[in-house]
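Student: Below is one structure. I have some questions about it.
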Amino acid sequence: MVTKKFIVTATTLVALSLNLSADGLKHSLKHVLSQKDDTTLVDLSGLDINAKPVPQHPIAMNTRSPKAIVAIANNTPIRKSVLNSLLKKVSHGKVKDFDLLPPKQKKMLVQQYYLPKYVSSLAIANIPKKERYEIYKAVWMRKKASSIDIKESDIKDSYEKMLSQAKMAHQVDMVPPYDNIKDRIKMQLLDDAMTKYILKDAKVEVSDPNPMQIAGSINGEFVSVDDVEPIVQKISRGKATWNRLNPMDKKRILEMIATKKLTESIALKELSLDEKYNAISNAWLQKQLKNKDIKVSDKELKKAYKVFKKQFKKGKIPSFEEIKPTLKMELARDKYMQQLMKQIKVKLK
């Protein structure tokens, strides 16, 4: 009898005595891909460039060099050039020189510039290293998975091969219709592609039975039988042991362990510093917001909905009630970011 689990893993076209593809990245991928990609910090300036006392026609004045240190935020010196760039962006090109701003708006601009760094510092201080690495892995997996193109033709080819195997076993009636199973096949193909990428430079070797109980090695690092035995027991549901597996199955077990070990190092290598900072900053912010009761009034929500409708350009506009929970979450986040921004101590030079 062909079980549902066999049908899914048959797309790998490897006839194993154990269902070894049930682990790997598949379950992690399913969880990661279902999460919202929230790796970019919300830009919350609160900076009113058009407010008085910014002159509509700035008077001529001597201004400092772009290389000059014009402010210190939480003991961090900041050059004028970076603030000029931010000022040009938030003012839509209306003001380009930091020295033209009055002191109050100078301080707000500095706080806005330093805010992502401040949040990152809080995240690093409060999230343990092991947890940070798990966050990096999740972000990298989502980023990498989004870059892999699984074509409809590949999914159909895998399905046809599955049907062919079922015909050989006289169990075609056990294969679900294509539309019912295509998403699972796609996930399996994505899992296979991710695993192949992670292991492309890995050296995974199986050891012959030996008195030291070494199962094999991953990039020269030994893996003991004690390390692999729990995995074998779990996958086989207690029906097999490491020493009873054939060489192909042993290699697949070691590759599963290698995939888990190497994903972290690849994520650390391939994610940029900004991506890492944004990832842990957002993870920390989400935790903070869950623990804080930040009030958002209906008046604020309705005002935000009006802005949302003006910006919404494609498709049917969601109703206020449909989008209310999301708006509330975003406004609460905005308010908390404003609170954090005010904590940044600024000294103007």
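To be explicit about the labels: the chains of the structure tokens are called A, B, and onward in the order shown, and within each one the residues are counted from 1, while ligands get numbers from 1 in the order they are shown.
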Identify, with DSSP run on backbone atoms, the residues in region 118-280 of chain A assigned to strand (DSSP E), and express the list as a ChimeraX atom specification.
Tutor: /A:204-206,214-218,221-224
Student: Atoms to include: N, CA and C atoms. Write the selected residues as an mmCIF file, in the first residue's frame.
Tutor:
data_model
loop_
_atom_site.group_PDB
_atom_site.id
_atom_site.type_symbol
_atom_site.label_atom_id
_atom_site.label_comp_id
_atom_site.auth_asym_id
_atom_site.auth_seq_id
_atom_site.Cartn_x
_atom_site.Cartn_y
_atom_site.Cartn_z
ATOM 1 N N VAL A 204 30.757 15.125 2.961
ATOM 2 C CA VAL A 204 30.078 14.218 3.885
ATOM 3 C C VAL A 204 30.527 12.790 3.594
ATOM 4 N N GLU A 205 31.103 12.132 4.592
ATOM 5 C CA GLU A 205 31.630 10.782 4.401
ATOM 6 C C GLU A 205 31.080 9.835 5.459
ATOM 7 N N VAL A 206 30.751 8.622 5.016
ATOM 8 C CA VAL A 206 30.278 7.568 5.929
ATOM 9 C C VAL A 206 31.459 6.687 6.283
ATOM 10 N N ILE A 214 32.360 5.667 15.243
ATOM 11 C CA ILE A 214 32.298 6.892 14.441
ATOM 12 C C ILE A 214 31.408 6.611 13.238
ATOM 13 N N ALA A 215 30.313 7.351 13.135
ATOM 14 C CA ALA A 215 29.372 7.131 12.035
ATOM 15 C C ALA A 215 29.905 7.696 10.722
ATOM 16 N N GLY A 216 30.619 8.802 10.799
ATOM 17 C CA GLY A 216 31.149 9.435 9.611
ATOM 18 C C GLY A 216 31.698 10.807 9.937
ATOM 19 N N SER A 217 31.822 11.652 8.934
ATOM 20 C CA SER A 217 32.367 12.996 9.157
ATOM 21 C C SER A 217 31.695 14.008 8.239
ATOM 22 N N ILE A 218 31.662 15.254 8.712
ATOM 23 C CA ILE A 218 31.138 16.378 7.930
ATOM 24 C C ILE A 218 32.219 17.431 7.890
ATOM 25 N N GLU A 221 34.847 16.886 10.419
ATOM 26 C CA GLU A 221 34.424 16.805 11.824
ATOM 27 C C GLU A 221 33.662 15.506 12.048
ATOM 28 N N PHE A 222 34.150 14.695 13.010
ATOM 29 C CA PHE A 222 33.549 13.383 13.243
ATOM 30 C C PHE A 222 32.132 13.490 13.804
ATOM 31 N N VAL A 223 31.299 12.542 13.376
ATOM 32 C CA VAL A 223 29.935 12.398 13.898
ATOM 33 C C VAL A 223 29.839 10.996 14.482
ATOM 34 N N SER A 224 29.451 10.904 15.740
ATOM 35 C CA SER A 224 29.404 9.598 16.405
ATOM 36 C C SER A 224 28.088 8.882 16.139
#
Student: Can you pull out the residues contacting Ser265 (chain A)? Cut-off 12 Å, using only C-alpha atoms, and skip same-chain residues under 2 positions away; I want them as a list of chain:residue names.
Tutor: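 Listed by chain and then number, they are A:Tyr133, A:Glu134, A:Tyr136, A:Lys137, A:Trp140, A:Ile198, A:Leu199, A:Ala202, A:Ala258, A:Thr259, A:Lys260, A:Lys261, A:Leu262, A:Thr263, A:Ala267, A:Leu268, A:Lys269, A:Glu270, A:Leu271.
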Student: Kindly indicate which residue among A:Glu300, A:Glu255, A:Glu275, A:Glu264 lies nearest to Lys200 (chain A), using only C-alpha atoms for the distances.
Tutor: A:Glu255
Student: Residues near Leu301 (chain A), anyone? I mean within 12 Å using only C-alpha atoms, not counting same-chain ones fewer than 5 positions away, as a list of chain:residue names.
Tutor: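 Neighbouring residues, sequence-local ones excluded: A:Lys295, A:Val296, A:Lys306, A:Val307, A:Phe308, A:Phe320, A:Glu321, A:Ile323, A:Lys324, A:Pro325, A:Thr326, A:Leu327, A:Lys328, A:Met329, A:Glu330, A:Leu331, A:Ala332.
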Student: Do you know which residues are at most 10 Å from Ala123 (chain A) counting only C-alpha atoms, after dropping those on the same chain fewer than 2 positions away, and could you put them as a ChimeraX atom specification?
Tutor: /A:117-121,125-128,132,277-285
Student: Determine which residues of region 135-328 of chain A receive a DSSP assignment of helix (DSSP H, G or I), computed from the backbone, and state them as a PyMOL selection string.
Tutor: chain A and resi 135-146+152-168+172-174+178-198+225-236+242-244+247-270+273-291+298-311+320-328
Student: Using only C-alpha atoms, what does the table of region 179-216 of chain A residues within 8 Å of region 142-154 of chain A look like, with each row giving the shortest atom pair and its distance in Å to one decimal, sorted by chain and ascending number, as CSV?
Tutor:
residue,atom,partner,partner_atom,distance
A:Lys186,CA,A:Ile150,CA,6.8
A:Leu189,CA,A:Ile150,CA,7.2
A:Leu190,CA,A:Ile150,CA,6.9
A:Ala193,CA,A:Ile148,CA,7.7
A:Met194,CA,A:Ala145,CA,7.1
Student: With 8 Å as the cut-off and only C-alpha atoms counted, what is the closest atom pair between each nearby residue of region 60-83 of chain A and region 89-98 of chain A? Distances in Å to one decimal, ordered by chain and number, as CSV.
Tutor:
residue,atom,partner,partner_atom,distance
A:Thr63,CA,A:Asp97,CA,8.0
A:Lys80,CA,A:Phe98,CA,6.8
A:Leu83,CA,A:Phe98,CA,6.5
Student: Could you turn the residues from that selection into a file that holds N, CA and C atoms, as a PDB file, in the first residue's frame?
Tutor:
ATOM      1  N   THR A  63      28.358  77.339   5.823  1.00  0.00           N
ATOM      2  CA  THR A  63      28.038  76.030   6.386  1.00  0.00           C
ATOM      3  C   THR A  63      29.302  75.202   6.493  1.00  0.00           C
ATOM      4  N   LYS A  80      28.322  65.242   9.090  1.00  0.00           N
ATOM      5  CA  LYS A  80      27.287  66.033   8.434  1.00  0.00           C
ATOM      6  C   LYS A  80      26.815  65.376   7.136  1.00  0.00           C
ATOM      7  N   LEU A  83      23.912  62.995   7.543  1.00  0.00           N
ATOM      8  CA  LEU A  83      22.686  63.707   7.909  1.00  0.00           C
ATOM      9  C   LEU A  83      22.144  64.501   6.725  1.00  0.00           C
TER      10      LEU A  83
END
Student: Do you have the CA of Ile72 (chain A)-CA of Met108 (chain A) distance handy?
Tutor: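 About the pair CA of Ile72 (chain A) and CA of Met108 (chain A): they are 12.5 Å apart.
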Student: Hey, what's within 9 Å of region 177-183 of chain A if we count only C-alpha atoms and toss same-chain stuff fewer than 6 positions away? As a list in words, please?
Tutor: Val8, Glu152, Ile155, Lys156 and Tyr159 of chain A
Student: Measuring atom to atom with only C-alpha atoms, identify which of A:Leu100, A:Glu229, A:Pro211, A:Pro116 is nearest to Leu245 (chain A).
Tutor: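 Of all the options, A:Glu229 lies closest to Leu245 (chain A).
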Student: To one decimal place, how far is CA of Val228 (chain A) from CA of Asp191 (chain A) in Å?
Tutor: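 About the pair CA of Val228 (chain A) and CA of Asp191 (chain A): they are 21.0 Å apart.
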Student: With only C-alpha atoms as the counted atoms, please give the residues lying no more than 7 Å from Pro66 (chain A), apart from itself and same-chain residues fewer than 2 positions off, as a PyMOL selection string.
Tutor: chain A and resi 64+68+79-81
Student: Save out the residues we just selected, C-alpha atoms, as a tab-separated table (two decimals), in the first residue's frame.
Tutor:
chain	number	residue	atom	x	y	z
A	64	ARG	CA	30.39	73.36	7.61
A	68	ALA	CA	32.55	67.71	9.89
A	79	ARG	CA	29.24	63.36	10.23
A	80	LYS	CA	27.29	66.03	8.43
A	81	SER	CA	27.36	64.14	5.12
Student: Would you please work out which residue, of A:Asn75, A:Gln171, A:Gln111, A:Ser85, is nearest to Ile344 (chain A) when using only C-alpha atoms?
Tutor: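 Comparing A:Asn75, A:Gln171, A:Gln111, A:Ser85 against Ile344 (chain A), the winner is A:Gln111.
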Student: Considering only C-alpha atoms, state which residue in the set A:Lys347, A:Asp227, A:Lys287, A:Ser158 is at the smallest distance from Thr76 (chain A).
Tutor: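 Using only C-alpha atoms, Thr76 (chain A) sits closest to A:Lys347.
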Student: For Arg244 (chain A), find every residue with an atom within 12 Å (counting only C-alpha atoms), except residues of its own chain fewer than 2 positions away, and show them as a list in words.
Tutor: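 In the requested format, the answer is Ser17, Leu18, Pro209, Glu229, Val232, Gln233, Ser236, Lys239, Ala240, Thr241, Trp242, Asn246, Pro247, Met248, Asp249 and Lys250 of chain A.
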Student: Work out how far apart CA of Ile294 (chain A) and CA of Ile124 (chain A) are and give it in Å to one decimal.
Tutor: 23.4 Å
Student: Taking only C-alpha atoms into account, name the residue in A:Glu160, A:Val172, A:Gln343, A:Pro103 that is nearest to Ile185 (chain A).
Tutor: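 That would be A:Glu160, the residue with the smallest distance to Ile185 (chain A).
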Student: Between A:Ser319, A:Phe312, A:Tyr114, A:Met256, which one has atoms that come closest to Ala73 (chain A), using only C-alpha atoms?
Tutor: A:Tyr114
